[in-house]
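Structure file upload-v4.tsv; described as TSV, C-alpha atoms and all ligand atoms.
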chain	number	residue	atom	x	y	z
U	1	MET	CA	-52.14	-52.17	49.17
U	2	ILE	CA	-53.50	-50.18	46.23
U	3	TYR	CA	-50.54	-48.39	44.65
U	4	ARG	CA	-51.53	-45.53	42.37
U	5	HIS	CA	-49.15	-44.00	39.86
U	6	THR	CA	-49.30	-43.33	36.11
U	7	PRO	CA	-45.91	-43.58	34.36
U	8	VAL	CA	-44.83	-40.35	32.67
U	9	MET	CA	-43.76	-40.17	28.99
U	10	LEU	CA	-43.96	-43.95	28.76
U	11	ASN	CA	-43.89	-44.20	24.94
U	12	GLU	CA	-40.98	-41.80	24.68
U	13	VAL	CA	-38.95	-43.66	27.32
U	14	ILE	CA	-39.56	-47.06	25.73
U	15	ALA	CA	-38.62	-45.75	22.27
U	16	TYR	CA	-35.42	-44.07	23.51
U	17	LEU	CA	-34.33	-47.13	25.49
U	18	LYS	CA	-34.52	-49.26	22.30
U	19	CYS	CA	-35.88	-52.19	24.34
U	20	GLU	CA	-35.43	-55.54	22.56
U	21	PRO	CA	-35.68	-59.19	23.58
U	22	GLY	CA	-32.66	-60.41	25.50
U	23	LYS	CA	-31.45	-57.00	26.66
U	24	CYS	CA	-30.81	-55.97	30.26
U	25	TYR	CA	-32.25	-52.79	31.84
U	26	VAL	CA	-32.18	-51.02	35.18
U	27	ASP	CA	-35.18	-49.10	36.50
U	28	CYS	CA	-33.60	-47.04	39.29
U	29	THR	CA	-36.95	-45.75	40.61
U	30	ILE	CA	-39.48	-48.52	40.10
U	31	GLY	CA	-42.39	-46.71	41.86
U	32	GLY	CA	-45.66	-48.16	40.54
U	33	ALA	CA	-43.65	-50.33	38.07
U	34	GLY	CA	-45.30	-48.75	35.00
U	35	HIS	CA	-42.03	-48.15	33.12
U	36	SER	CA	-40.67	-51.50	34.30
U	37	ARG	CA	-43.66	-53.46	33.08
U	38	ALA	CA	-43.48	-51.81	29.64
U	39	ILE	CA	-39.74	-52.58	29.44
U	40	LEU	CA	-40.35	-56.21	30.44
U	41	ASP	CA	-43.01	-56.59	27.74
U	42	LYS	CA	-40.37	-55.64	25.15
U	43	ILE	CA	-37.42	-57.68	26.44
U	44	LEU	CA	-39.10	-61.06	27.03
U	45	PRO	CA	-38.50	-63.96	26.76
U	46	ASP	CA	-34.86	-63.76	27.82
U	47	GLY	CA	-34.23	-60.15	28.87
U	48	LEU	CA	-33.59	-58.98	32.41
U	49	LEU	CA	-34.94	-56.07	34.43
U	50	ILE	CA	-33.29	-54.87	37.61
U	51	GLY	CA	-35.71	-52.72	39.61
U	52	ILE	CA	-34.66	-50.49	42.52
U	53	ASP	CA	-36.61	-48.28	44.89
U	54	GLN	CA	-35.75	-46.88	48.29
U	55	ASP	CA	-39.41	-47.05	49.34
U	56	SER	CA	-40.40	-50.50	50.58
U	57	ASP	CA	-44.04	-49.85	49.51
U	58	ALA	CA	-42.86	-49.61	45.89
U	59	ILE	CA	-40.90	-52.86	46.14
U	60	GLU	CA	-43.83	-54.64	47.79
U	61	ASN	CA	-46.14	-53.44	45.03
U	62	ALA	CA	-43.66	-54.29	42.25
U	63	THR	CA	-43.16	-57.80	43.66
U	64	HIS	CA	-46.89	-58.28	43.32
U	65	VAL	CA	-47.59	-56.61	39.95
U	66	LEU	CA	-44.48	-58.02	38.25
U	67	LYS	CA	-45.16	-61.59	39.45
U	68	PRO	CA	-45.84	-62.78	35.87
U	69	TYR	CA	-42.32	-61.58	34.98
U	70	ALA	CA	-40.60	-62.93	38.12
U	71	ALA	CA	-38.13	-65.07	36.12
U	72	ASN	CA	-36.87	-61.96	34.32
U	73	THR	CA	-36.82	-59.54	37.25
U	74	HIS	CA	-34.58	-58.73	40.20
U	75	LEU	CA	-35.94	-56.22	42.72
U	76	PHE	CA	-33.91	-54.31	45.30
U	77	HIS	CA	-35.08	-52.15	48.20
U	78	ASP	CA	-32.19	-49.73	48.01
U	79	ASN	CA	-31.04	-46.30	46.94
U	80	TYR	CA	-30.05	-46.17	43.27
U	81	ILE	CA	-26.71	-44.69	44.34
U	82	ASN	CA	-25.87	-48.30	45.31
U	83	LEU	CA	-26.23	-49.55	41.72
U	84	PRO	CA	-22.55	-50.64	41.59
U	85	ASN	CA	-23.09	-53.02	44.58
U	86	ILE	CA	-26.37	-54.28	43.17
U	87	LEU	CA	-24.81	-55.13	39.80
U	88	SER	CA	-21.84	-56.78	41.45
U	89	GLN	CA	-24.19	-58.96	43.56
U	90	LEU	CA	-25.77	-60.10	40.30
U	91	ASN	CA	-22.40	-60.58	38.57
U	92	ILE	CA	-23.43	-58.10	35.89
U	93	SER	CA	-20.85	-55.63	34.60
U	94	ARG	CA	-22.77	-53.89	31.80
U	95	VAL	CA	-26.43	-53.19	30.99
U	96	ASP	CA	-28.22	-51.91	27.87
U	97	GLY	CA	-30.29	-49.14	29.40
U	98	ILE	CA	-31.06	-47.26	32.58
U	99	ILE	CA	-34.07	-45.16	33.56
U	100	ALA	CA	-34.45	-42.92	36.59
U	101	ASP	CA	-37.86	-41.27	36.97
U	102	LEU	CA	-37.16	-38.92	39.85
U	103	GLY	CA	-39.39	-37.42	42.49
U	104	LEU	CA	-42.45	-38.88	44.14
U	105	SER	CA	-45.11	-41.38	43.13
U	106	LEU	CA	-48.79	-40.55	43.50
U	107	HIS	CA	-48.94	-43.29	46.12
U	108	GLN	CA	-46.34	-41.49	48.24
U	109	ILE	CA	-48.20	-38.19	48.00
U	110	GLU	CA	-51.70	-39.54	48.54
U	111	SER	CA	-51.51	-42.70	50.61
U	112	SER	CA	-48.14	-43.18	52.27
U	113	GLY	CA	-49.17	-41.21	55.39
U	114	ARG	CA	-45.70	-39.64	55.53
U	115	GLY	CA	-46.59	-35.95	55.27
U	116	PHE	CA	-45.52	-35.34	51.65
U	117	SER	CA	-48.68	-33.35	50.97
U	118	PHE	CA	-49.71	-30.04	52.52
U	119	LEU	CA	-53.31	-31.02	51.79
U	120	ARG	CA	-53.26	-33.77	54.42
U	121	ASP	CA	-52.78	-33.89	58.17
U	122	GLU	CA	-50.03	-36.44	58.64
U	123	PRO	CA	-46.82	-36.78	60.65
U	124	LEU	CA	-44.11	-34.63	59.11
U	125	ASP	CA	-41.84	-37.45	57.99
U	126	MET	CA	-41.13	-37.18	54.21
U	127	ARG	CA	-38.62	-40.04	54.13
U	128	MET	CA	-38.90	-42.13	50.98
U	129	ASN	CA	-36.91	-44.79	52.82
U	130	ALA	CA	-38.48	-45.34	56.25
U	131	GLU	CA	-35.09	-46.68	57.44
U	132	SER	CA	-33.17	-43.47	56.83
U	133	GLU	CA	-32.35	-41.31	59.82
U	134	ILE	CA	-33.50	-37.73	59.32
U	135	THR	CA	-37.18	-36.80	59.01
U	136	ALA	CA	-38.72	-33.49	57.97
U	137	GLN	CA	-39.80	-33.07	61.58
U	138	ASP	CA	-36.14	-33.26	62.68
U	139	ILE	CA	-35.15	-30.51	60.25
U	140	VAL	CA	-38.14	-28.26	60.97
U	141	ASN	CA	-37.70	-28.51	64.75
U	142	ASN	CA	-33.91	-28.56	65.09
U	143	ALA	CA	-32.25	-26.72	62.19
U	144	SER	CA	-31.07	-23.15	62.75
U	145	ALA	CA	-33.07	-20.35	61.14
U	146	GLY	CA	-30.15	-19.84	58.73
U	147	HIS	CA	-30.12	-23.48	57.64
U	148	LEU	CA	-33.89	-23.58	57.21
U	149	GLU	CA	-33.74	-20.43	55.12
U	150	LYS	CA	-30.98	-21.92	52.94
U	151	VAL	CA	-32.91	-25.17	52.37
U	152	ILE	CA	-36.13	-23.33	51.56
U	153	ARG	CA	-34.42	-20.81	49.28
U	154	GLU	CA	-32.09	-23.19	47.45
U	155	TYR	CA	-34.25	-26.28	47.04
U	156	GLY	CA	-37.64	-24.58	47.02
U	157	GLU	CA	-36.56	-21.42	45.16
U	158	GLU	CA	-38.96	-19.70	47.59
U	159	ARG	CA	-38.82	-15.91	47.61
U	160	TRP	CA	-40.06	-15.65	51.22
U	161	ALA	CA	-37.55	-18.17	52.60
U	162	ARG	CA	-36.26	-15.88	55.36
U	163	LYS	CA	-39.69	-14.91	56.66
U	164	ILE	CA	-40.84	-18.54	56.59
U	165	ALA	CA	-37.71	-19.81	58.36
U	166	ARG	CA	-38.02	-17.17	61.08
U	167	HIS	CA	-41.71	-17.90	61.59
U	168	ILE	CA	-40.99	-21.64	61.89
U	169	VAL	CA	-38.39	-20.89	64.57
U	170	ALA	CA	-40.81	-18.59	66.43
U	171	VAL	CA	-43.66	-21.12	66.37
U	172	ARG	CA	-41.53	-24.08	67.43
U	173	ALA	CA	-40.36	-22.14	70.52
U	174	GLY	CA	-43.87	-22.80	71.83
U	175	GLY	CA	-43.75	-26.56	71.09
U	176	SER	CA	-42.67	-28.95	68.32
U	177	ILE	CA	-44.18	-28.73	64.84
U	178	ARG	CA	-45.41	-32.25	64.17
U	179	THR	CA	-47.76	-32.44	61.21
U	180	SER	CA	-47.99	-31.45	57.57
U	181	ARG	CA	-51.08	-29.34	58.26
U	182	GLU	CA	-49.33	-27.40	61.04
U	183	LEU	CA	-46.40	-26.64	58.74
U	184	ALA	CA	-48.67	-25.61	55.85
U	185	GLN	CA	-50.46	-23.18	58.19
U	186	ILE	CA	-47.14	-21.71	59.43
U	187	VAL	CA	-45.98	-21.12	55.85
U	188	TYR	CA	-49.31	-19.52	54.98
U	189	GLU	CA	-48.99	-17.17	57.96
U	190	ALA	CA	-45.41	-16.19	57.05
U	191	ILE	CA	-46.03	-15.06	53.46
U	192	PRO	CA	-47.40	-11.51	53.13
U	193	LYS	CA	-51.12	-11.82	52.39
U	194	ARG	CA	-51.10	-9.77	49.22
U	195	PHE	CA	-48.58	-12.24	47.73
U	196	VAL	CA	-50.32	-15.38	49.01
U	197	HIS	CA	-53.42	-14.51	47.02
U	198	LYS	CA	-51.45	-13.87	43.82
U	199	ARG	CA	-49.91	-17.36	43.82
U	200	LYS	CA	-51.08	-19.91	41.30
U	201	ILE	CA	-49.81	-22.75	43.52
U	202	HIS	CA	-50.56	-23.51	47.17
U	203	PRO	CA	-48.37	-21.24	49.36
U	204	ALA	CA	-46.70	-24.25	51.00
U	205	THR	CA	-45.81	-26.08	47.74
U	206	LYS	CA	-42.21	-24.87	47.52
U	207	VAL	CA	-41.43	-25.38	51.22
U	208	PHE	CA	-42.71	-28.96	51.14
U	209	MET	CA	-40.68	-29.68	48.02
U	210	ALA	CA	-37.55	-28.16	49.59
U	211	LEU	CA	-37.88	-30.23	52.77
U	212	ARG	CA	-38.48	-33.43	50.84
U	213	ILE	CA	-35.37	-32.81	48.73
U	214	ALA	CA	-33.32	-32.14	51.88
U	215	VAL	CA	-34.66	-35.16	53.81
U	216	ASN	CA	-33.92	-37.55	50.94
U	217	LYS	CA	-30.68	-35.81	49.82
U	218	GLU	CA	-32.13	-35.98	46.33
U	219	LEU	CA	-29.79	-33.56	44.54
U	220	GLU	CA	-26.54	-34.87	46.05
U	221	VAL	CA	-27.48	-38.44	45.16
U	222	LEU	CA	-28.43	-37.54	41.59
U	223	ASP	CA	-25.30	-35.48	41.01
U	224	SER	CA	-22.90	-38.20	42.06
U	225	PHE	CA	-24.86	-40.98	40.32
U	226	ILE	CA	-24.94	-39.86	36.68
U	227	SER	CA	-21.37	-40.49	35.53
U	228	ASP	CA	-21.14	-43.74	37.56
U	229	ALA	CA	-24.32	-44.99	35.93
U	230	VAL	CA	-23.11	-44.28	32.40
U	231	GLY	CA	-20.01	-46.32	33.24
U	232	PHE	CA	-22.25	-49.41	33.52
U	233	LEU	CA	-23.77	-49.04	30.05
U	234	ASN	CA	-22.67	-51.11	27.06
U	235	PRO	CA	-21.54	-48.91	24.15
U	236	GLY	CA	-24.79	-47.94	22.39
U	237	GLY	CA	-26.70	-48.27	25.69
U	238	ARG	CA	-28.94	-45.40	26.73
U	239	ILE	CA	-29.81	-43.61	29.92
U	240	CYS	CA	-33.03	-41.62	30.53
U	241	PHE	CA	-33.67	-39.20	33.37
U	242	ILE	CA	-37.12	-37.76	34.06
U	243	SER	CA	-36.96	-34.84	36.47
U	244	PHE	CA	-39.68	-32.64	37.94
U	245	HIS	CA	-37.62	-29.86	39.42
U	246	SER	CA	-35.48	-27.26	37.65
U	247	LEU	CA	-32.48	-27.97	39.91
U	248	GLU	CA	-32.62	-31.70	39.09
U	249	ASP	CA	-32.92	-30.98	35.38
U	250	ARG	CA	-29.96	-28.59	35.58
U	251	ILE	CA	-27.82	-31.32	37.18
U	252	VAL	CA	-28.75	-33.85	34.48
U	253	LYS	CA	-28.06	-31.32	31.72
U	254	ARG	CA	-24.68	-30.34	33.19
U	255	ARG	CA	-23.52	-33.93	33.77
U	256	PHE	CA	-24.57	-34.94	30.27
U	257	LEU	CA	-22.47	-32.08	28.85
U	258	ASP	CA	-19.49	-33.33	30.91
U	259	LEU	CA	-19.97	-36.77	29.37
U	260	GLU	CA	-19.82	-35.21	25.91
U	261	GLY	CA	-16.24	-34.29	26.81
U	262	LYS	CA	-16.14	-30.68	25.68
U	263	CYS	CA	-12.55	-29.41	25.82
U	264	THR	CA	-12.02	-27.26	28.90
U	265	CYS	CA	-8.59	-25.87	27.91
U	266	PRO	CA	-8.20	-22.08	27.86
U	267	PRO	CA	-8.92	-20.75	24.33
U	268	ASP	CA	-5.33	-19.53	23.81
U	269	PHE	CA	-3.79	-23.02	24.30
U	270	PRO	CA	-2.24	-24.16	20.99
U	271	LYS	CA	-3.44	-27.75	21.53
U	272	CYS	CA	-5.77	-29.62	23.85
U	273	VAL	CA	-4.16	-30.78	27.09
U	274	CYS	CA	-7.25	-31.51	29.20
U	275	ASN	CA	-7.67	-34.98	27.66
U	276	SER	CA	-11.45	-34.76	27.86
U	277	ARG	CA	-13.05	-37.81	26.27
U	278	LYS	CA	-16.41	-37.96	24.59
U	279	ILE	CA	-18.00	-40.80	26.55
U	280	ALA	CA	-21.60	-40.22	25.57
U	281	ARG	CA	-23.76	-38.38	23.06
U	282	VAL	CA	-26.78	-36.41	24.22
U	283	LEU	CA	-29.84	-37.44	22.23
U	284	SER	CA	-32.15	-34.83	23.75
U	285	ARG	CA	-30.59	-31.60	22.48
U	286	LYS	CA	-33.69	-29.85	23.75
U	287	VAL	CA	-35.40	-31.17	26.82
U	288	ILE	CA	-38.30	-33.52	25.97
U	289	ARG	CA	-41.66	-32.56	27.49
U	290	PRO	CA	-44.94	-34.46	27.75
U	291	THR	CA	-47.56	-33.73	25.11
U	292	PRO	CA	-50.60	-31.61	26.02
U	293	ALA	CA	-52.71	-34.77	25.58
U	294	GLU	CA	-50.65	-36.61	28.21
U	295	ILE	CA	-50.83	-33.68	30.64
U	296	LYS	CA	-54.60	-33.61	30.22
U	297	ILE	CA	-54.88	-37.27	31.20
U	298	ASN	CA	-52.16	-37.12	33.86
U	299	PRO	CA	-51.66	-33.60	35.33
U	300	MET	CA	-48.74	-34.95	37.42
U	301	ALA	CA	-46.76	-35.07	34.16
U	302	ARG	CA	-46.94	-31.31	33.58
U	303	SER	CA	-43.49	-30.40	34.90
U	304	ALA	CA	-41.68	-33.53	33.68
U	305	CYS	CA	-38.43	-33.07	31.74
U	306	LEU	CA	-36.86	-36.04	29.93
U	307	ARG	CA	-33.20	-36.09	28.93
U	308	VAL	CA	-31.48	-38.99	27.19
U	309	ALA	CA	-27.85	-39.85	26.47
U	310	GLU	CA	-26.18	-42.73	24.61
U	311	LYS	CA	-22.88	-44.24	25.69
U	312	LEU	CA	-20.29	-44.19	22.91
U	313	ILE	CA	-17.17	-45.85	24.25
U	314	ASP	CA	-16.19	-48.02	27.18
Z	1	LIG	C1	-41.99	-40.89	40.09
Z	1	LIG	S1	-41.85	-42.37	40.99
Z	1	LIG	C2	-41.40	-43.53	39.76
Z	1	LIG	C3	-42.58	-44.06	38.98
Z	1	LIG	C4	-42.28	-45.21	38.06
Z	1	LIG	N1	-41.39	-44.82	36.99
Z	1	LIG	C5	-43.53	-45.84	37.52
Z	1	LIG	O1	-43.58	-46.10	36.31
Z	1	LIG	O2	-44.46	-46.06	38.27
Z	1	LIG	C6	-40.34	-42.13	41.81
Z	1	LIG	C7	-39.89	-43.29	42.68
Z	1	LIG	O3	-38.49	-43.13	42.86
Z	1	LIG	C8	-38.15	-43.53	44.16
Z	1	LIG	N2	-36.87	-42.90	44.44
Z	1	LIG	C9	-36.59	-41.58	44.48
Z	1	LIG	N3	-35.29	-41.38	44.74
Z	1	LIG	C10	-34.72	-42.61	44.85
Z	1	LIG	C11	-33.39	-43.06	45.10
Z	1	LIG	N4	-32.39	-42.21	45.30
Z	1	LIG	N5	-33.17	-44.40	45.11
Z	1	LIG	C12	-34.18	-45.27	44.91
Z	1	LIG	N6	-35.46	-44.89	44.69
Z	1	LIG	C13	-35.72	-43.58	44.64
Z	1	LIG	C14	-39.31	-43.06	44.99
Z	1	LIG	O4	-39.38	-43.77	46.21
Z	1	LIG	C15	-40.50	-43.32	44.07
Z	1	LIG	O5	-41.06	-44.58	44.31

Go ahead and express the file in the form of structure tokens.
Ligand SMILES: C[S@@+](CC[C@H](N)C(=O)[O-])C[C@H]1O[C@@H](n2cnc3c(N)ncnc32)[C@H](O)[C@@H]1O
Amino acid sequence: MIYRHTPVMLNEVIAYLKCEPGKCYVDCTIGGAGHSRAILDKILPDGLLIGIDQDSDAIENATHVLKPYAANTHLFHDNYINLPNILSQLNISRVDGIIADLGLSLHQIESSGRGFSFLRDEPLDMRMNAESEITAQDIVNNASAGHLEKVIREYGEERWARKIARHIVAVRAGGSIRTSRELAQIVYEAIPKRFVHKRKIHPATKVFMALRIAVNKELEVLDSFISDAVGFLNPGGRICFISFHSLEDRIVKRRFLDLEGKCTCPPDFPKCVCNSRKIARVLSRKVIRPTPAEIKINPMARSACLRVAEKLID
């Protein structure tokens, strides 16, 4: 298998993670193993990398490309939400750094055959983990018009969500919608033509993104993961999130603020009673973006947002 993906903001991530020999890191989304390999190069000879991905293609590829580092690597085909179990299996209670580079790899978009791209004609699957239950086809063919509209509006931030949802329901009454190309055509038909032509992106971009987020429960998983993950860091350890979607970035930003323990007492209280603790310090006051030079080489990086926090106390 040829697995294509270029790691995003690699230098920035490696610098923020303060990788040094002997330290232990978790790559929650190993993908093409670009970040993992760079981490391993810094932590040898006695450091440890724990790599996770819910896509078995990524784990198969990482097993192959990280063979030279096998003695320093543990790979898990799993959802990163299960990090607590993974660390307990390894008898590890604390690590020095965690990275989660969210979203899709180029391999998944271009070669997985799972309908992530509206430019291809593939079964409408969109599961990152082929063992999970719900596919995009299930949602498109069975969800109510109201639910489809909600998914498309909330996750895709698509202005024409209602029209698209209703058109999907009308088309599927004549037979199931099975492929990415069929869905892309339905979306195209639903959006008023004068608006389709004004769009800078493909008319189906937002709907495909929304379905993928729903199928893989991406936002729910991220939201409940962040504070748990920080709990596994040593004091001084750092956590990096790279997101590609404004809703993901908003979740990371909000959870990081929670970890900074801002007092939530009403302003007229004479003293603080909420007992909020400052567990971490946010290092990325402003979101970190890829340089124009990186975007030129790797256009997939253009919407990436990096946020970093450092654990202060246990
Ligand atoms: C953008 S790629 C990561 C690329 C990687 N950093 C590299 O250097 O090649 C995102 C990866 O995260 C995986 N992924 C997304 N959500 C996940 C989750 N909740 N648990 C585990 N893996 C996940 C995807 O399957 C995909 O392989």

Take the point (-26.3, -32.8, 22.9) as written in the file and pick out every residue within 9 Å of it, counting all atoms listed in the file; give the list as a list in words.
->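 I get Phe256, Leu257, Glu260, Arg281, Val282, Leu283, Ser284, Arg285, Lys286 and Ala309 of chain U for the residues within 9 Å of that point.
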
Selected residues, C-alpha atoms, written as a PDB file, keeping the file's coordinate frame, please.
ATOM      1  CA  PHE U 256     -24.570 -34.940  30.270  1.00  0.00           C
ATOM      2  CA  LEU U 257     -22.470 -32.080  28.850  1.00  0.00           C
ATOM      3  CA  GLU U 260     -19.820 -35.210  25.910  1.00  0.00           C
ATOM      4  CA  ARG U 281     -23.760 -38.380  23.060  1.00  0.00           C
ATOM      5  CA  VAL U 282     -26.780 -36.410  24.220  1.00  0.00           C
ATOM      6  CA  LEU U 283     -29.840 -37.440  22.230  1.00  0.00           C
ATOM      7  CA  SER U 284     -32.150 -34.830  23.750  1.00  0.00           C
ATOM      8  CA  ARG U 285     -30.590 -31.600  22.480  1.00  0.00           C
ATOM      9  CA  LYS U 286     -33.690 -29.850  23.750  1.00  0.00           C
ATOM     10  CA  ALA U 309     -27.850 -39.850  26.470  1.00  0.00           C
TER      11      ALA U 309
END

Considering all atoms listed in the file, give me a table of residues in chain U that are at most 6 Å from ligand LIG 1 (chain Z), with the closest atom pair and distance in Å for each, as JSON lines.
{"residue": "U:His5", "atom": "CA", "partner": "Z:LIG1", "partner_atom": "O2", "distance": 5.4}
{"residue": "U:Thr6", "atom": "CA", "partner": "Z:LIG1", "partner_atom": "O2", "distance": 6.0}
{"residue": "U:Pro7", "atom": "CA", "partner": "Z:LIG1", "partner_atom": "O1", "distance": 3.9}
{"residue": "U:Cys28", "atom": "CA", "partner": "Z:LIG1", "partner_atom": "C12", "distance": 5.9}
{"residue": "U:Thr29", "atom": "CA", "partner": "Z:LIG1", "partner_atom": "O3", "distance": 3.8}
{"residue": "U:Ile30", "atom": "CA", "partner": "Z:LIG1", "partner_atom": "C4", "distance": 4.8}
{"residue": "U:Gly31", "atom": "CA", "partner": "Z:LIG1", "partner_atom": "O5", "distance": 3.5}
{"residue": "U:Gly32", "atom": "CA", "partner": "Z:LIG1", "partner_atom": "O2", "distance": 3.3}
{"residue": "U:Ala33", "atom": "CA", "partner": "Z:LIG1", "partner_atom": "O2", "distance": 4.4}
{"residue": "U:Gly34", "atom": "CA", "partner": "Z:LIG1", "partner_atom": "O1", "distance": 3.4}
{"residue": "U:His35", "atom": "CA", "partner": "Z:LIG1", "partner_atom": "O1", "distance": 4.1}
{"residue": "U:Ile52", "atom": "CA", "partner": "Z:LIG1", "partner_atom": "C12", "distance": 5.8}
{"residue": "U:Asp53", "atom": "CA", "partner": "Z:LIG1", "partner_atom": "N6", "distance": 3.6}
{"residue": "U:Gln54", "atom": "CA", "partner": "Z:LIG1", "partner_atom": "C12", "distance": 4.1}
{"residue": "U:Asp55", "atom": "CA", "partner": "Z:LIG1", "partner_atom": "O4", "distance": 4.5}
{"residue": "U:Ala58", "atom": "CA", "partner": "Z:LIG1", "partner_atom": "O5", "distance": 5.6}
{"residue": "U:Asp78", "atom": "CA", "partner": "Z:LIG1", "partner_atom": "C12", "distance": 5.8}
{"residue": "U:Asn79", "atom": "CA", "partner": "Z:LIG1", "partner_atom": "N5", "distance": 3.4}
{"residue": "U:Tyr80", "atom": "CA", "partner": "Z:LIG1", "partner_atom": "N5", "distance": 4.0}
{"residue": "U:Asp101", "atom": "CA", "partner": "Z:LIG1", "partner_atom": "N1", "distance": 5.0}
{"residue": "U:Leu102", "atom": "CA", "partner": "Z:LIG1", "partner_atom": "C6", "distance": 4.9}
{"residue": "U:Gly103", "atom": "CA", "partner": "Z:LIG1", "partner_atom": "C6", "distance": 4.9}
{"residue": "U:Leu104", "atom": "CA", "partner": "Z:LIG1", "partner_atom": "C6", "distance": 4.5}
{"residue": "U:Ser105", "atom": "CA", "partner": "Z:LIG1", "partner_atom": "S1", "distance": 4.0}
{"residue": "U:Met128", "atom": "CA", "partner": "Z:LIG1", "partner_atom": "O4", "distance": 5.1}

Please identify every residue of stretch 40-104 of chain U that has at least one atom no farther than 8 Å from an atom of stretch 212-231 of chain U, counting only C-alpha atoms, and for each give the shortest atom pair and the distance in Å to one decimal, arranged by chain then increasing number, as a tab-separated table.
residue	atom	partner	partner_atom	distance
U:Tyr80	CA	U:Phe225	CA	7.9
U:Ile81	CA	U:Phe225	CA	5.8
U:Leu83	CA	U:Ala229	CA	7.6
U:Ile98	CA	U:Ala229	CA	7.9

Between U:Lys18, U:His245, U:Arg194, U:Arg127, smallest distance to U:Glu157 by all atoms listed in the file belongs to U:His245

Do you have the atom CA of U:Lys253-atom CA of U:Val287 distance handy?
-> 8.8 Å

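The coordinates place atom CA of U:Ala204 at 11.2 Å from atom CA of U:Phe116.
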
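Distance annotation: of U:Phe76, U:Ser243, U:Asp314, U:Asp96, the residue with the minimal separation from U:Pro290 is U:Ser243; atom set is all atoms listed in the file.
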
Stretch 50-66 of chain U rebuilt with N, CA and C atoms, output as a PDB file, in the coordinates of the input:
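Wrote part_27.pdb, looks like this:
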ATOM      1  N   ILE U  50     -33.691 -55.059  36.215  1.00  0.00           N
ATOM      2  CA  ILE U  50     -33.290 -54.870  37.610  1.00  0.00           C
ATOM      3  C   ILE U  50     -34.048 -53.632  38.104  1.00  0.00           C
ATOM      4  N   GLY U  51     -34.881 -53.820  39.114  1.00  0.00           N
ATOM      5  CA  GLY U  51     -35.710 -52.720  39.610  1.00  0.00           C
ATOM      6  C   GLY U  51     -35.273 -52.313  41.012  1.00  0.00           C
ATOM      7  N   ILE U  52     -35.132 -51.000  41.217  1.00  0.00           N
ATOM      8  CA  ILE U  52     -34.660 -50.490  42.520  1.00  0.00           C
ATOM      9  C   ILE U  52     -35.664 -49.447  43.012  1.00  0.00           C
ATOM     10  N   ASP U  53     -35.909 -49.422  44.290  1.00  0.00           N
ATOM     11  CA  ASP U  53     -36.610 -48.280  44.890  1.00  0.00           C
ATOM     12  C   ASP U  53     -36.242 -48.229  46.361  1.00  0.00           C
ATOM     13  N   GLN U  54     -36.101 -47.005  46.869  1.00  0.00           N
ATOM     14  CA  GLN U  54     -35.750 -46.880  48.290  1.00  0.00           C
ATOM     15  C   GLN U  54     -36.986 -46.930  49.174  1.00  0.00           C
ATOM     16  N   ASP U  55     -38.167 -46.985  48.564  1.00  0.00           N
ATOM     17  CA  ASP U  55     -39.410 -47.050  49.340  1.00  0.00           C
ATOM     18  C   ASP U  55     -39.890 -48.505  49.340  1.00  0.00           C
ATOM     19  N   SER U  56     -40.014 -49.088  50.525  1.00  0.00           N
ATOM     20  CA  SER U  56     -40.400 -50.500  50.580  1.00  0.00           C
ATOM     21  C   SER U  56     -41.816 -50.726  50.037  1.00  0.00           C
ATOM     22  N   ASP U  57     -42.692 -49.703  50.101  1.00  0.00           N
ATOM     23  CA  ASP U  57     -44.040 -49.850  49.510  1.00  0.00           C
ATOM     24  C   ASP U  57     -43.932 -50.138  48.014  1.00  0.00           C
ATOM     25  N   ALA U  58     -43.009 -49.433  47.345  1.00  0.00           N
ATOM     26  CA  ALA U  58     -42.860 -49.610  45.890  1.00  0.00           C
ATOM     27  C   ALA U  58     -42.363 -51.015  45.576  1.00  0.00           C
ATOM     28  N   ILE U  59     -41.439 -51.511  46.392  1.00  0.00           N
ATOM     29  CA  ILE U  59     -40.900 -52.860  46.140  1.00  0.00           C
ATOM     30  C   ILE U  59     -41.972 -53.912  46.416  1.00  0.00           C
ATOM     31  N   GLU U  60     -42.747 -53.690  47.479  1.00  0.00           N
ATOM     32  CA  GLU U  60     -43.830 -54.640  47.790  1.00  0.00           C
ATOM     33  C   GLU U  60     -44.838 -54.686  46.638  1.00  0.00           C
ATOM     34  N   ASN U  61     -45.186 -53.504  46.137  1.00  0.00           N
ATOM     35  CA  ASN U  61     -46.140 -53.440  45.030  1.00  0.00           C
ATOM     36  C   ASN U  61     -45.545 -54.083  43.769  1.00  0.00           C
ATOM     37  N   ALA U  62     -44.275 -53.760  43.469  1.00  0.00           N
ATOM     38  CA  ALA U  62     -43.660 -54.290  42.250  1.00  0.00           C
ATOM     39  C   ALA U  62     -43.548 -55.814  42.316  1.00  0.00           C
ATOM     40  N   THR U  63     -43.254 -56.338  43.509  1.00  0.00           N
ATOM     41  CA  THR U  63     -43.160 -57.800  43.660  1.00  0.00           C
ATOM     42  C   THR U  63     -44.487 -58.430  43.258  1.00  0.00           C
ATOM     43  N   HIS U  64     -45.564 -57.747  43.621  1.00  0.00           N
ATOM     44  CA  HIS U  64     -46.890 -58.280  43.320  1.00  0.00           C
ATOM     45  C   HIS U  64     -47.234 -58.096  41.826  1.00  0.00           C
ATOM     46  N   VAL U  65     -47.110 -56.849  41.323  1.00  0.00           N
ATOM     47  CA  VAL U  65     -47.590 -56.610  39.950  1.00  0.00           C
ATOM     48  C   VAL U  65     -46.652 -57.217  38.891  1.00  0.00           C
ATOM     49  N   LEU U  66     -45.392 -57.439  39.246  1.00  0.00           N
ATOM     50  CA  LEU U  66     -44.480 -58.020  38.250  1.00  0.00           C
ATOM     51  C   LEU U  66     -44.324 -59.539  38.427  1.00  0.00           C
TER      52      LEU U  66
END
